[in-house]
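Student: Next up, run-v3.cif (mmCIF, C-alpha atoms).
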```cif
data_work
#
loop_
_atom_site.label_atom_id
_atom_site.label_comp_id
_atom_site.auth_asym_id
_atom_site.auth_seq_id
_atom_site.Cartn_x
_atom_site.Cartn_y
_atom_site.Cartn_z
CA MET B 22 79.26 38.75 92.57
CA LYS B 23 82.60 36.94 92.17
CA THR B 24 81.59 35.82 88.68
CA ILE B 25 80.82 39.39 87.65
CA PHE B 26 84.18 40.69 88.87
CA ALA B 27 85.97 37.81 87.16
CA THR B 28 84.19 38.52 83.86
CA LEU B 29 85.08 42.21 84.06
CA THR B 30 88.73 41.42 84.80
CA LEU B 31 89.05 38.88 81.97
CA ALA B 32 87.36 41.17 79.47
CA CYS B 33 89.81 43.95 80.29
CA CYS B 34 92.97 41.88 80.62
CA ALA B 35 92.48 40.24 77.21
CA LEU B 36 93.23 43.57 75.49
CA PRO B 37 96.67 44.85 76.64
CA ALA B 38 98.74 42.85 74.14
CA LEU B 39 96.58 44.04 71.24
CA ALA B 40 96.84 47.66 72.38
CA GLN B 41 100.64 47.48 72.70
CA GLN B 42 100.96 45.94 69.23
CA ALA B 43 98.77 48.66 67.74
CA ASP B 44 100.81 51.44 69.36
CA ALA B 45 104.10 49.92 68.27
CA GLY B 46 102.88 49.51 64.69
CA ASN B 47 101.56 53.00 63.99
CA GLY B 48 104.03 55.16 65.87
CA ASN B 49 101.31 57.61 66.83
CA ALA B 50 101.20 59.62 70.05
CA ASP B 51 99.91 57.71 73.06
CA PRO B 52 96.08 57.88 72.84
CA LEU B 53 95.80 57.15 76.57
CA GLN B 54 97.97 60.04 77.67
CA LEU B 55 96.47 61.97 80.58
CA HIS B 56 96.14 65.74 80.24
CA ASP B 57 96.14 68.39 82.97
CA ARG B 58 93.22 70.16 81.33
CA ILE B 59 89.60 69.46 80.47
CA THR B 60 89.10 67.50 77.25
CA GLY B 61 85.53 66.82 76.23
CA ASP B 62 82.07 68.37 76.58
CA LEU B 63 80.68 70.51 79.38
CA GLY B 64 77.35 72.31 79.31
CA ALA B 65 73.70 72.01 80.36
CA GLY B 66 70.76 70.02 79.13
CA GLY B 67 67.16 69.01 79.54
CA TYR B 68 66.65 65.51 80.96
CA ARG B 69 63.45 63.51 80.64
CA LEU B 70 63.27 60.57 83.04
CA GLU B 71 60.33 58.18 83.02
CA ARG B 72 59.95 56.59 86.44
CA ASN B 73 58.28 53.33 87.33
CA GLY B 74 57.95 53.71 91.10
CA LEU B 75 55.33 55.66 93.04
CA ASP B 76 56.14 58.76 91.02
CA ARG B 77 54.69 57.41 87.80
CA SER B 78 54.89 60.58 85.73
CA ALA B 79 57.89 61.56 83.63
CA ARG B 80 60.32 64.01 85.19
CA ASN B 81 61.66 66.89 83.12
CA THR B 82 64.57 68.74 84.63
CA VAL B 83 67.54 70.88 83.65
CA LEU B 84 70.91 69.57 84.85
CA PRO B 85 74.59 70.02 84.04
CA TYR B 86 75.83 68.00 81.09
CA ALA B 87 79.32 66.55 81.50
CA TYR B 88 81.24 64.16 79.30
CA PHE B 89 84.90 64.96 79.79
CA ASP B 90 88.29 63.96 81.21
CA TYR B 91 90.55 66.00 83.45
CA GLY B 92 93.78 64.19 84.26
CA ARG B 93 92.69 60.97 85.92
CA PHE B 94 89.18 62.25 86.68
CA PHE B 95 86.36 61.47 84.25
CA ALA B 96 82.65 62.27 84.00
CA ARG B 97 80.32 60.45 81.60
CA LEU B 98 76.77 61.72 82.06
CA ASP B 99 75.68 59.94 85.29
CA THR B 100 78.96 58.06 85.87
CA PHE B 101 82.15 59.58 87.26
CA GLY B 102 85.39 58.45 88.85
CA ILE B 103 89.16 58.10 88.78
CA LYS B 104 91.33 56.27 86.25
CA THR B 105 93.94 54.05 87.92
CA ALA B 106 96.12 51.45 86.15
CA ARG B 107 96.28 51.27 82.36
CA MET B 108 94.41 48.29 80.99
CA GLY B 109 94.09 47.44 77.31
CA TYR B 110 92.62 50.37 75.41
CA GLY B 111 91.73 52.22 78.61
CA TYR B 112 92.12 52.22 82.37
CA LEU B 113 90.84 50.32 85.35
CA GLU B 114 88.53 52.86 87.00
CA LEU B 115 87.15 53.55 90.45
CA ALA B 116 83.64 54.66 89.58
CA GLY B 117 80.44 55.99 91.09
CA ARG B 118 77.02 56.75 89.69
CA VAL B 119 74.24 59.27 90.29
CA ASP B 120 70.98 57.29 90.55
CA LEU B 121 67.63 58.81 91.56
CA GLN B 122 65.88 55.49 92.09
CA GLY B 123 64.45 56.32 95.51
CA PHE B 124 61.05 57.71 96.43
CA ASP B 125 59.30 59.14 99.49
CA ALA B 126 56.95 57.22 101.77
CA ASP B 127 53.37 57.25 100.52
CA ARG B 128 50.08 55.46 101.25
CA GLY B 129 51.58 52.93 103.65
CA LEU B 130 54.73 52.21 101.63
CA GLN B 131 58.04 53.05 103.25
CA ARG B 132 60.57 55.48 101.87
CA ARG B 133 63.26 54.15 99.53
CA SER B 134 66.57 56.02 99.72
CA ASP B 135 68.52 56.74 96.55
CA PRO B 136 71.29 54.18 96.03
CA ILE B 137 74.98 55.06 96.35
CA PRO B 138 76.56 52.88 93.64
CA LEU B 139 80.35 52.64 93.93
CA GLY B 140 82.63 50.11 92.29
CA LEU B 141 84.99 49.26 89.44
CA GLY B 142 84.75 49.86 85.72
CA THR B 143 86.58 50.48 82.49
CA TYR B 144 86.05 52.31 79.21
CA GLN B 145 87.77 50.57 76.30
CA GLU B 146 87.94 52.58 73.06
CA THR B 147 89.04 49.94 70.57
CA PRO B 148 89.34 49.94 66.75
CA PHE B 149 86.10 47.92 66.76
CA GLY B 150 84.04 50.31 68.86
CA ALA B 151 83.81 51.33 72.51
CA PHE B 152 83.04 49.06 75.46
CA PHE B 153 81.76 50.27 78.85
CA LEU B 154 81.99 47.72 81.68
CA ASN B 155 80.95 48.59 85.25
CA VAL B 156 80.24 46.72 88.48
CA PHE B 157 78.74 48.67 91.40
CA ARG B 158 77.67 47.90 94.93
CA ASP B 159 75.00 50.01 96.58
CA PHE B 160 76.59 51.35 99.77
CA ASN B 161 73.24 52.71 100.93
CA LYS B 162 70.19 50.71 102.05
CA SER B 163 69.86 47.86 99.54
CA HIS B 164 73.49 46.63 99.68
CA GLY B 165 72.82 45.10 96.26
CA THR B 166 74.88 44.76 93.09
CA LEU B 167 74.47 46.54 89.77
CA ALA B 168 76.54 45.53 86.71
CA GLU B 169 76.42 46.57 83.07
CA ALA B 170 78.14 45.97 79.75
CA ILE B 171 77.55 48.36 76.85
CA TYR B 172 78.92 48.40 73.31
CA ALA B 173 78.87 51.63 71.28
CA ALA B 174 79.75 52.10 67.61
CA GLN B 175 80.16 55.30 65.58
CA PHE B 176 79.14 56.37 62.11
CA ASP B 177 79.09 59.82 60.54
CA VAL B 178 76.54 61.43 58.26
CA GLY B 179 78.14 64.64 57.04
CA PRO B 180 79.20 66.62 60.11
CA VAL B 181 76.87 64.71 62.46
CA SER B 182 78.19 61.71 64.42
CA PHE B 183 75.84 58.94 65.55
CA TYR B 184 76.57 56.43 68.32
CA PRO B 185 74.25 53.39 68.44
CA GLN B 186 74.55 51.46 71.72
CA LEU B 187 73.63 47.95 72.77
CA GLY B 188 73.97 46.64 76.32
CA VAL B 189 72.76 44.53 79.19
CA GLU B 190 72.23 45.42 82.86
CA TYR B 191 72.23 43.05 85.82
CA ARG B 192 70.73 43.85 89.25
CA SER B 193 70.88 41.52 92.23
CA ALA B 194 67.82 40.33 94.15
CA SER B 195 68.61 42.52 97.17
CA TYR B 196 68.90 45.60 94.94
CA ASN B 197 65.58 44.93 93.19
CA ASP B 198 63.70 43.85 96.29
CA TYR B 199 64.60 47.05 98.14
CA PHE B 200 63.17 49.27 95.39
CA PHE B 201 60.41 47.11 93.91
CA GLY B 202 59.47 44.65 96.64
CA VAL B 203 56.49 45.06 98.97
CA SER B 204 56.84 43.66 102.50
CA ALA B 205 54.00 42.05 104.48
CA SER B 206 53.71 45.10 106.74
CA GLU B 207 53.65 47.49 103.77
CA SER B 208 51.01 45.35 102.07
CA ALA B 209 48.80 45.45 105.15
CA ALA B 210 49.19 49.24 105.51
CA SER B 211 48.82 50.14 101.83
CA GLY B 212 46.58 47.49 100.31
CA VAL B 213 49.23 46.80 97.67
CA ARG B 214 49.87 43.10 97.24
CA GLN B 215 52.98 41.65 98.82
CA TYR B 216 55.84 41.10 96.40
CA ARG B 217 59.42 39.86 96.56
CA ALA B 218 61.62 40.81 93.61
CA GLY B 219 64.45 38.61 92.38
CA ALA B 220 67.59 39.30 90.39
CA SER B 221 67.15 40.75 86.91
CA THR B 222 68.93 40.90 83.56
CA SER B 223 67.62 43.65 81.28
CA PRO B 224 68.71 44.49 77.72
CA THR B 225 69.24 48.14 76.76
CA LEU B 226 69.31 49.97 73.45
CA GLY B 227 70.44 53.54 72.91
CA LEU B 228 71.36 56.15 70.35
CA ALA B 229 73.42 59.30 70.79
CA ALA B 230 74.12 62.06 68.27
CA ASP B 231 76.67 64.86 68.23
CA VAL B 232 75.71 67.87 66.10
CA PRO B 233 78.24 70.70 65.57
CA LEU B 234 76.67 74.13 66.02
CA THR B 235 79.20 76.93 65.77
CA GLY B 236 82.85 77.02 66.76
CA ASP B 237 83.35 74.57 69.63
CA TRP B 238 79.65 74.46 70.59
CA HIS B 239 77.76 71.22 70.05
CA LEU B 240 74.23 69.86 70.37
CA ASN B 241 74.20 66.51 72.23
CA LEU B 242 71.25 64.14 71.91
CA HIS B 243 70.84 60.91 73.88
CA TRP B 244 68.07 58.32 74.07
CA ARG B 245 68.09 54.99 75.89
CA ARG B 246 65.45 52.32 76.47
CA LYS B 247 65.70 49.47 78.97
CA TRP B 248 63.38 46.46 78.76
CA LEU B 249 62.69 45.44 82.34
CA ASP B 250 63.12 41.85 83.45
CA ASN B 251 59.91 40.17 84.68
CA SER B 252 61.24 40.14 88.24
CA VAL B 253 60.97 43.95 88.14
CA SER B 254 58.05 44.54 85.76
CA ASP B 255 55.79 42.12 87.70
CA SER B 256 56.07 44.29 90.82
CA PRO B 257 52.85 46.10 91.81
CA LEU B 258 54.96 49.26 92.06
CA VAL B 259 55.79 49.11 88.35
CA ARG B 260 53.36 49.93 85.55
CA ARG B 261 55.53 49.72 82.40
CA HIS B 262 57.84 47.08 80.99
CA THR B 263 60.30 49.70 79.73
CA ASP B 264 62.30 52.62 81.11
CA ASP B 265 63.21 55.50 78.78
CA THR B 266 65.73 58.29 79.27
CA ALA B 267 66.24 61.23 76.90
CA ILE B 268 68.71 64.13 77.02
CA VAL B 269 68.98 67.25 74.87
CA ALA B 270 72.04 69.35 75.77
CA VAL B 271 74.19 72.17 74.48
CA SER B 272 77.86 71.90 75.42
CA TYR B 273 81.24 73.50 74.81
CA ARG B 274 83.96 71.14 73.61
CA PHE B 275 87.33 71.55 75.30
CA LYS B 276 90.27 70.26 73.29
#
```
Starting from the file, lay out its structure as structure tokens.

Tutor:
Amino acid sequence: MKTIFATLTLACCALPALAQQADAGNGNADPLQLHDRITGDLGAGGYRLERNGLDRSARNTVLPYAYFDYGRFFARLDTFGIKTARMGYGYLELAGRVDLQGFDADRGLQRRSDPIPLGLGTYQETPFGAFFLNVFRDFNKSHGTLAEAIYAAQFDVGPVSFYPQLGVEYRSASYNDYFFGVSASESAASGVRQYRAGASTSPTLGLAADVPLTGDWHLNLHWRRKWLDNSVSDSPLVRRHTDDTAIVAVSYRFK
């Protein structure tokens, strides 16, 4: 845990000098200025979530789509929070995440409550691409740690912008064991073999696209795949070695 926080801090603190030099050299308006209005995308979309727990079928649902800033508040799909001190090309952030990892009791297995991930993060929009760094602690039942580092680039094809993403996610043993482990009592009641999950490190790959429609309306497309670490995929509660998430949304862009 200490190592993760140290890595996050060093990665962020290495950037301030570069950011200040860039601002001084180009004379442009401050790109990190906070605005007392919404800037970004707000709309609704269809979400397809493939689950690996007891609910083994994909979930299709319609949910709000939010990727915007309002003053110090930000929302980025499933992550939201408050920007605090300026740091490099962004801010140190107090962040939370919406995570529907839990499932109801079934066939002798106990209920798993959805996690409540809260922690620190930063979004660094540099001349070399964007970096998302987050460290969360589950303040619900597992009391485990979730950390991630994601790099996103941008390239344009005509009016359409594409954002390929590459990242890695870490989950502690207590986090994984709560959701994917099977205790001795559960094994006896359900017939599912006993299993104790360890910590995991899982690579992720994603692609997002922004398609202008008309005026300030946009079509937003997102896809992400996570390759599960063996400590998770070997669980008897898991049937696939990958997790996929897809979003198709229509949003209005506030400027």

Student: Which one is closest to B:Asp51: B:Gly111, B:Gly202, B:Pro148, B:Gly102? Count all atoms listed in the file.

Tutor: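 The shortest atom-to-atom distance to B:Asp51 comes from B:Gly111.
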
Student: Enumerate, as an MDAnalysis selection string, the residues matched when the PyMOL selection byres ((chain B and resi 254) around 12) is run on the file above.

Tutor: chainID B and resid 73:74 197:198 200:202 216:223 247:253 255:264

Student: Considering only C-alpha atoms, state which residue in the set B:Ser195, B:Val181, B:Thr60, B:Gly129 is at the smallest distance from B:Arg214.

Tutor: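 Answer, going by the shortest atom-to-atom distance: B:Gly129.
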
Student: Run through the PyMOL selection byres ((chain B and resi 98) around 7) on the given coordinates and return the selected residues as a list in words.

Tutor: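 For this structure, the PyMOL selection byres ((chain B and resi 98) around 7) resolves to Tyr86, Ala87, Tyr88, Ala96, Arg97, Asp99 and Thr100 of chain B.
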
Student: Could you write out as a list in words the residues that the PyMOL selection byres ((chain B and resi 138) around 7) matches in the shown file?

Tutor: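 Checked against the file, the PyMOL selection byres ((chain B and resi 138) around 7) matches Gly117, Arg118, Pro136, Ile137, Leu139, Gly140, Phe157, Arg158, Asp159 and Phe160 of chain B.
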